[in-house]
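Printed here is my_file.tsv (TSV, C-alpha atoms):
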```tsv
chain	number	residue	atom	x	y	z
A	306	MET	CA	77.34	31.19	0.54
A	307	LYS	CA	77.07	31.22	4.32
A	308	THR	CA	76.03	34.88	4.17
A	309	ARG	CA	73.20	34.14	1.67
A	310	THR	CA	71.94	31.23	3.81
A	311	ALA	CA	71.94	33.41	6.90
A	312	ILE	CA	69.93	36.12	5.11
A	313	LEU	CA	67.28	33.61	3.91
A	314	SER	CA	67.01	32.12	7.40
A	315	ALA	CA	66.54	35.56	8.88
A	316	LEU	CA	63.78	36.40	6.36
A	317	CYS	CA	61.92	33.13	7.15
A	318	LEU	CA	62.16	33.73	10.88
A	319	ALA	CA	61.01	37.31	10.45
A	320	ASN	CA	57.88	36.27	8.54
A	321	LEU	CA	57.04	33.22	10.73
A	322	PRO	CA	54.69	35.19	13.07
A	323	ALA	CA	52.60	36.29	10.05
A	324	PHE	CA	51.83	32.67	9.14
A	325	ALA	CA	51.66	31.25	12.63
A	326	GLY	CA	47.93	31.96	13.01
A	327	THR	CA	46.99	30.74	9.53
A	328	SER	CA	45.76	27.16	9.09
A	329	ILE	CA	45.23	25.20	5.90
A	330	PRO	CA	41.48	24.95	5.25
A	331	SER	CA	40.16	21.41	5.68
A	332	VAL	CA	37.57	19.81	3.41
A	333	GLU	CA	34.51	18.74	5.40
A	334	PRO	CA	32.97	15.44	4.26
A	335	GLY	CA	29.45	15.72	2.83
A	336	PRO	CA	26.48	14.34	4.72
A	337	THR	CA	26.16	10.57	4.47
A	338	ALA	CA	22.81	9.35	3.20
A	339	SER	CA	20.92	7.37	5.85
A	340	PRO	CA	20.30	3.71	5.01
A	341	TRP	CA	16.84	4.11	6.58
A	342	SER	CA	13.77	5.49	4.81
A	343	CYS	CA	10.06	5.56	5.56
A	344	ARG	CA	6.94	5.98	3.41
A	345	PHE	CA	3.45	6.71	4.74
A	346	GLU	CA	0.40	6.78	2.47
A	347	ILE	CA	-3.30	7.48	2.90
A	348	TYR	CA	-5.56	6.65	-0.01
A	349	GLY	CA	-9.11	6.15	-1.16
A	350	TRP	CA	-10.15	3.18	-3.26
A	351	ALA	CA	-13.46	3.56	-5.12
A	352	GLN	CA	-14.38	-0.12	-5.19
A	353	ALA	CA	-16.97	-1.96	-7.21
A	354	LEU	CA	-17.66	-5.61	-6.28
A	355	ASN	CA	-18.47	-8.50	-8.60
A	356	GLY	CA	-18.77	-12.17	-7.69
A	357	ASP	CA	-20.52	-14.47	-5.22
A	358	SER	CA	-20.67	-14.52	-1.43
A	359	GLY	CA	-22.50	-16.77	0.99
A	360	VAL	CA	-22.97	-17.84	4.60
A	361	ARG	CA	-23.95	-21.30	5.87
A	362	GLY	CA	-24.47	-22.70	2.43
A	363	TYR	CA	-26.59	-19.82	1.14
A	364	THR	CA	-24.81	-18.07	-1.74
A	365	ALA	CA	-25.93	-14.93	-3.51
A	366	PRO	CA	-24.42	-12.89	-6.34
A	367	VAL	CA	-22.55	-9.73	-5.43
A	368	ASN	CA	-22.76	-7.00	-8.05
A	369	ALA	CA	-22.38	-3.56	-6.56
A	370	SER	CA	-21.14	-0.44	-8.30
A	371	PHE	CA	-19.09	2.18	-6.53
A	372	ARG	CA	-22.18	4.38	-6.31
A	373	ASP	CA	-24.09	1.58	-4.58
A	374	ILE	CA	-21.26	1.03	-2.11
A	375	LEU	CA	-20.71	4.72	-1.43
A	376	SER	CA	-24.39	5.30	-0.63
A	377	ASN	CA	-24.30	2.47	1.92
A	378	LEU	CA	-20.82	3.05	3.34
A	379	LYS	CA	-20.72	3.47	7.11
A	380	PHE	CA	-16.99	3.61	7.77
A	381	VAL	CA	-13.76	3.25	5.81
A	382	ALA	CA	-10.03	3.53	6.60
A	383	MET	CA	-7.21	2.87	4.14
A	384	GLY	CA	-3.47	3.41	4.40
A	385	ALA	CA	0.03	1.97	4.04
A	386	VAL	CA	3.32	2.21	5.93
A	387	GLU	CA	6.68	1.09	4.56
A	388	ILE	CA	10.07	1.08	6.30
A	389	ASN	CA	13.27	0.36	4.37
A	390	TYR	CA	16.86	-0.33	5.37
A	391	ASN	CA	19.25	-0.33	2.41
A	392	ARG	CA	17.70	-2.77	-0.10
A	393	TRP	CA	15.31	-4.48	2.33
A	394	GLY	CA	11.96	-3.24	3.57
A	395	VAL	CA	8.70	-4.15	5.28
A	396	LEU	CA	5.31	-2.96	4.04
A	397	ALA	CA	1.88	-2.97	5.70
A	398	ASP	CA	-1.07	-1.99	3.48
A	399	MET	CA	-4.48	-2.09	5.20
A	400	ASP	CA	-8.09	-1.54	4.10
A	401	TYR	CA	-11.14	-1.66	6.42
A	402	ALA	CA	-14.75	-0.94	5.49
A	403	THR	CA	-18.22	-1.31	6.97
A	404	LEU	CA	-21.27	-1.43	4.70
A	405	GLY	CA	-24.93	-1.42	5.66
A	406	VAL	CA	-27.70	-1.99	3.12
A	407	SER	CA	-31.41	-1.72	3.89
A	408	GLY	CA	-34.39	-1.76	1.57
A	409	SER	CA	-37.18	-3.83	0.10
A	410	GLY	CA	-37.61	-6.13	-2.86
A	411	PRO	CA	-40.15	-8.19	-4.77
A	412	GLY	CA	-42.05	-10.45	-2.35
A	413	LEU	CA	-40.22	-8.96	0.65
A	414	THR	CA	-41.24	-6.47	3.28
A	415	SER	CA	-37.66	-5.48	4.01
A	416	PHE	CA	-34.07	-6.68	4.13
A	417	ASP	CA	-31.05	-5.57	6.09
A	418	VAL	CA	-27.47	-6.55	5.26
A	419	ASN	CA	-24.26	-5.61	7.11
A	420	LEU	CA	-20.72	-6.34	5.95
A	421	HIS	CA	-17.48	-5.72	7.85
A	422	GLN	CA	-14.32	-6.38	5.87
A	423	PHE	CA	-10.59	-6.06	6.60
A	424	VAL	CA	-7.84	-6.76	4.07
A	425	GLY	CA	-4.21	-6.38	5.10
A	426	ASN	CA	-1.10	-6.99	3.01
A	427	PHE	CA	2.04	-7.58	5.09
A	428	VAL	CA	5.15	-8.23	3.00
A	429	VAL	CA	8.94	-8.07	2.97
A	430	THR	CA	10.39	-6.19	-0.02
A	431	TYR	CA	13.78	-6.41	-1.73
A	432	GLU	CA	15.22	-3.89	-4.19
A	433	ALA	CA	16.31	-6.15	-7.03
A	434	PHE	CA	17.39	-3.46	-9.51
A	435	LYS	CA	17.72	0.32	-9.50
A	436	THR	CA	19.00	3.10	-11.76
A	437	ASP	CA	18.73	6.89	-11.59
A	438	THR	CA	15.25	6.77	-13.17
A	439	MET	CA	13.94	3.26	-12.53
A	440	LYS	CA	13.36	0.91	-9.61
A	441	PHE	CA	12.25	-2.74	-9.53
A	442	ASP	CA	11.36	-4.58	-6.31
A	443	VAL	CA	10.19	-8.09	-5.50
A	444	TYR	CA	8.22	-8.98	-2.39
A	445	ALA	CA	6.69	-11.87	-0.47
A	446	GLY	CA	4.44	-12.13	2.54
A	447	VAL	CA	0.82	-12.68	3.49
A	448	ARG	CA	-2.62	-11.23	2.79
A	449	VAL	CA	-4.93	-11.29	5.79
A	450	ASN	CA	-8.69	-11.33	5.19
A	451	SER	CA	-11.41	-10.95	7.81
A	452	ILE	CA	-15.07	-10.75	6.80
A	453	SER	CA	-18.21	-10.58	8.92
A	454	LEU	CA	-21.55	-10.84	7.12
A	455	ASP	CA	-25.10	-10.88	8.44
A	456	PHE	CA	-28.45	-10.30	6.81
A	457	ASN	CA	-32.10	-10.38	7.85
A	458	ILE	CA	-35.10	-10.69	5.57
A	459	THR	CA	-38.71	-10.01	6.51
A	460	GLY	CA	-41.36	-11.57	4.31
A	461	PRO	CA	-44.82	-10.20	3.46
A	462	LEU	CA	-46.40	-12.30	6.21
A	463	GLY	CA	-44.00	-10.99	8.83
A	464	ASN	CA	-41.83	-14.09	8.86
A	465	THR	CA	-38.12	-13.41	9.29
A	466	TYR	CA	-35.14	-15.22	7.86
A	467	GLY	CA	-31.54	-14.48	8.70
A	468	ARG	CA	-28.00	-15.64	8.28
A	469	ALA	CA	-24.81	-14.50	10.01
A	470	GLY	CA	-21.22	-15.59	9.97
A	471	SER	CA	-17.63	-14.46	9.97
A	472	LYS	CA	-14.38	-15.81	8.68
A	473	SER	CA	-10.70	-14.90	8.84
A	474	TRP	CA	-7.91	-16.42	6.81
A	475	VAL	CA	-4.33	-15.82	5.67
A	476	ASP	CA	-2.97	-16.30	2.15
A	477	PRO	CA	0.71	-16.39	1.12
A	478	VAL	CA	1.52	-13.97	-1.71
A	479	ILE	CA	4.49	-13.23	-3.97
A	480	GLY	CA	4.78	-10.22	-6.25
A	481	ALA	CA	6.76	-7.41	-7.82
A	482	ARG	CA	6.51	-3.65	-8.28
A	483	TYR	CA	8.04	-1.21	-10.73
A	484	GLN	CA	8.51	2.56	-10.82
A	485	GLN	CA	9.77	4.67	-13.72
A	486	ASP	CA	10.50	8.40	-13.64
A	487	LEU	CA	9.02	10.16	-16.68
A	488	GLY	CA	10.51	13.60	-16.12
A	489	HIS	CA	9.02	16.85	-14.86
A	490	ASP	CA	8.34	15.22	-11.46
A	491	VAL	CA	5.96	12.67	-13.03
A	492	PHE	CA	6.37	8.92	-12.53
A	493	PHE	CA	4.65	5.66	-13.43
A	494	ARG	CA	4.12	2.91	-10.85
A	495	ALA	CA	2.80	-0.64	-11.18
A	496	ALA	CA	2.56	-3.60	-8.80
A	497	GLY	CA	1.04	-7.07	-8.87
A	498	ASP	CA	0.99	-10.31	-6.93
A	499	ILE	CA	-0.56	-13.77	-6.83
A	500	GLY	CA	-1.16	-16.09	-3.92
A	501	GLY	CA	-3.42	-18.46	-2.05
A	502	PHE	CA	-2.20	-21.61	-3.79
A	503	GLY	CA	-4.84	-23.64	-1.93
A	504	VAL	CA	-3.37	-22.85	1.50
A	505	SER	CA	-6.50	-20.87	2.42
A	506	SER	CA	-7.93	-19.34	-0.74
A	507	GLN	CA	-7.84	-21.37	-3.89
A	508	PHE	CA	-6.38	-18.31	-5.57
A	509	THR	CA	-5.92	-14.62	-4.91
A	510	TRP	CA	-4.42	-11.86	-7.03
A	511	GLN	CA	-3.85	-8.13	-6.96
A	512	ALA	CA	-2.81	-5.57	-9.58
A	513	MET	CA	-2.34	-1.80	-9.56
A	514	ALA	CA	-1.07	0.72	-12.10
A	515	GLY	CA	-1.07	4.50	-12.08
A	516	PHE	CA	0.77	7.78	-12.37
A	517	GLY	CA	2.16	10.06	-9.70
A	518	TYR	CA	3.33	13.63	-9.35
A	519	SER	CA	5.96	14.75	-6.82
A	520	PHE	CA	5.06	18.13	-5.37
A	521	HIS	CA	8.31	18.30	-3.43
A	522	GLU	CA	11.06	16.05	-2.11
A	523	TYR	CA	8.84	14.42	0.50
A	524	GLY	CA	5.31	14.36	-0.94
A	525	SER	CA	3.60	12.82	-3.98
A	526	LEU	CA	0.06	12.48	-5.31
A	527	LEU	CA	-0.92	9.22	-7.02
A	528	LEU	CA	-3.86	8.31	-9.27
A	529	GLY	CA	-4.42	4.85	-10.70
A	530	TYR	CA	-6.58	1.74	-10.91
A	531	ARG	CA	-6.51	-1.27	-8.58
A	532	GLY	CA	-8.05	-4.72	-8.64
A	533	LEU	CA	-8.08	-7.49	-6.04
A	534	GLY	CA	-9.59	-10.93	-6.52
A	535	THR	CA	-10.20	-13.65	-3.93
A	536	ASP	CA	-11.62	-17.16	-4.38
A	537	TYR	CA	-12.21	-18.58	-0.89
A	538	SER	CA	-14.62	-21.22	0.36
A	539	ASN	CA	-14.62	-23.06	3.69
A	540	GLY	CA	-17.23	-24.52	6.03
A	541	GLY	CA	-20.23	-23.12	4.19
A	542	PHE	CA	-18.64	-19.66	3.90
A	543	THR	CA	-18.01	-18.50	0.34
A	544	TYR	CA	-16.23	-15.37	-0.88
A	545	ASP	CA	-15.44	-15.41	-4.58
A	546	VAL	CA	-15.31	-11.69	-5.34
A	547	ILE	CA	-13.30	-9.21	-7.41
A	548	ALA	CA	-12.97	-5.68	-6.02
A	549	HIS	CA	-11.83	-3.08	-8.54
A	550	GLY	CA	-11.87	0.65	-9.18
A	551	PRO	CA	-9.86	3.88	-9.30
A	552	VAL	CA	-7.56	4.75	-6.41
A	553	ILE	CA	-6.16	8.11	-5.34
A	554	GLY	CA	-3.60	8.66	-2.61
A	555	TYR	CA	-1.03	10.97	-1.09
A	556	GLU	CA	2.28	9.73	0.30
A	557	TRP	CA	5.03	11.18	2.45
A	558	LYS	CA	8.65	10.02	2.34
A	559	PHE	CA	11.19	10.57	5.09
```
Can you dump the structure from the file as structure tokens?
Amino acid sequence: MKTRTAILSALCLANLPAFAGTSIPSVEPGPTASPWSCRFEIYGWAQALNGDSGVRGYTAPVNASFRDILSNLKFVAMGAVEINYNRWGVLADMDYATLGVSGSGPGLTSFDVNLHQFVGNFVVTYEAFKTDTMKFDVYAGVRVNSISLDFNITGPLGNTYGRAGSKSWVDPVIGARYQQDLGHDVFFRAAGDIGGFGVSSQFTWQAMAGFGYSFHEYGSLLLGYRGLGTDYSNGGFTYDVIAHGPVIGYEWKF
């Protein structure tokens, strides 16, 4: 028995150098997903306007098609930035446009109208529910409006008549958004909110629905329809207008 033990010990010692430089392979942990994410979007919104607008007590109907607006558009900038940490996020969606309309009408020699408008949505989002193919968020925040309007009218006798004014206000808003993957890199997205509640506007609302296509992991193209209504009146300034039309955009995710 002692002889057999000695032989086995000798064999182990003899083979020890062969295993001395060999280590047991370790399993490296996979990369941990970052809790941070960012989305940047540029888009174009082909708006048509319907409603009433006025300055210093003078109110006129606003009925302009997208073609009318496009032909008188001087400058436009639209985009959105969203930053998320785990289930919480902040979103800034901004739209600025300058319109200039000149022409003549019955009983008038000429008229000249200029409109500068900024609409910004600044909200905090929360991921309420999520699966592998669906996501539902709720959000709350403010909608900032700033409008500057001036117009000049020249009559047939050379007499001029003009009005000018500007107004800025902030409306609280609450809303929700939904996204559903449809397969083959196609998805459906919808969002809507209401606000105002008499704080500034009597009422304001927004709704959007459309489809998107993901070209790759970081980029998507979206096509849909958007509407935004505002009923605001204060100090002789009136803006009771619905803006609506198709929207197309491209977004990057990081």
Q: Using all atoms listed in the file, determine which residues lie at most 6 Å from segment 482-488 of chain A, disregarding the query and same-chain residues fewer than 6 positions distant; provide the list as JSON, numbers by chain.
A: {"A": [438, 439, 440, 441, 442, 494, 495, 496]}
Kindly provide the residues of segment 449-504 of chain A that approach segment 532-554 of chain A to within 12 Å, each paired with its closest atom pair and their distance in Å to one decimal, based on only C-alpha atoms, listed by chain and increasing number, as CSV.
```
residue,atom,partner,partner_atom,distance
A:Val449,CA,A:Thr535,CA,11.3
A:Asn450,CA,A:Thr535,CA,9.5
A:Ser451,CA,A:Tyr544,CA,10.9
A:Ile452,CA,A:Tyr544,CA,9.0
A:Ser453,CA,A:Phe542,CA,10.4
A:Leu454,CA,A:Phe542,CA,9.8
A:Asp455,CA,A:Phe542,CA,11.8
A:Arg468,CA,A:Phe542,CA,11.1
A:Ala469,CA,A:Phe542,CA,10.1
A:Gly470,CA,A:Phe542,CA,7.8
A:Ser471,CA,A:Phe542,CA,8.1
A:Lys472,CA,A:Phe542,CA,7.5
A:Ser473,CA,A:Asn539,CA,10.4
A:Trp474,CA,A:Tyr537,CA,9.1
A:Val475,CA,A:Tyr537,CA,10.6
A:Asp476,CA,A:Thr535,CA,9.8
A:Val478,CA,A:Thr535,CA,11.9
A:Ala495,CA,A:Gly532,CA,11.9
A:Ala496,CA,A:Gly532,CA,10.7
A:Gly497,CA,A:Gly532,CA,9.4
A:Asp498,CA,A:Leu533,CA,9.5
A:Ile499,CA,A:Gly534,CA,9.5
A:Gly500,CA,A:Thr535,CA,9.4
A:Gly501,CA,A:Thr535,CA,8.5
A:Phe502,CA,A:Asp536,CA,10.4
A:Gly503,CA,A:Tyr537,CA,9.0
A:Val504,CA,A:Tyr537,CA,10.1
```
Q. If you measure from atom CA of Thr403 of chain A to atom CA of Phe345 of chain A, what distance in Å do you get, rounded to one decimal?
A.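 Value for the atom CA of Thr403 of chain A-atom CA of Phe345 of chain A distance: 23.2 Å.
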Q: Choose the residue, out of A:Trp557, A:Tyr523, A:Phe492, A:Phe427, that has the smallest atom-to-atom separation from Asp400 of chain A; count only C-alpha atoms.
A: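 Looking only at the distances to Asp400 of chain A, the closest residue turns out to be A:Phe427.
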Q: Measuring atom to atom with only C-alpha atoms, identify which of A:Arg531, A:His489, A:Lys558, A:Arg361 is nearest to Trp510 of chain A.
A: A:Arg531
**Q.** Pick from A:Ala369, A:Leu378, A:Leu526, A:Val443 nearest to Val428 of chain A, counting only C-alpha atoms
**A.**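 Of A:Ala369, A:Leu378, A:Leu526, A:Val443, the one nearest Val428 of chain A is A:Val443, counting only C-alpha atoms.
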Q: Find the distance between atom CA of Tyr348 of chain A and atom CA of Val386 of chain A and write it in Å to one decimal.
A: 11.6 Å
Q: Determine, counting all atoms listed in the file, which protein, DNA and RNA residues have an atom within 9 Å of an atom of Trp341 of chain A; residues of the same chain fewer than 3 positions away are not included. Present the result as an MDAnalysis selection string.
A: chainID A and resid 338 388:391 559
Q) Between atom CA of Val424 of chain A and atom CA of Gln511 of chain A, what is the distance, to one decimal in Å? A)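 Computed distance, atom CA of Val424 of chain A to atom CA of Gln511 of chain A, equals 11.8 Å.
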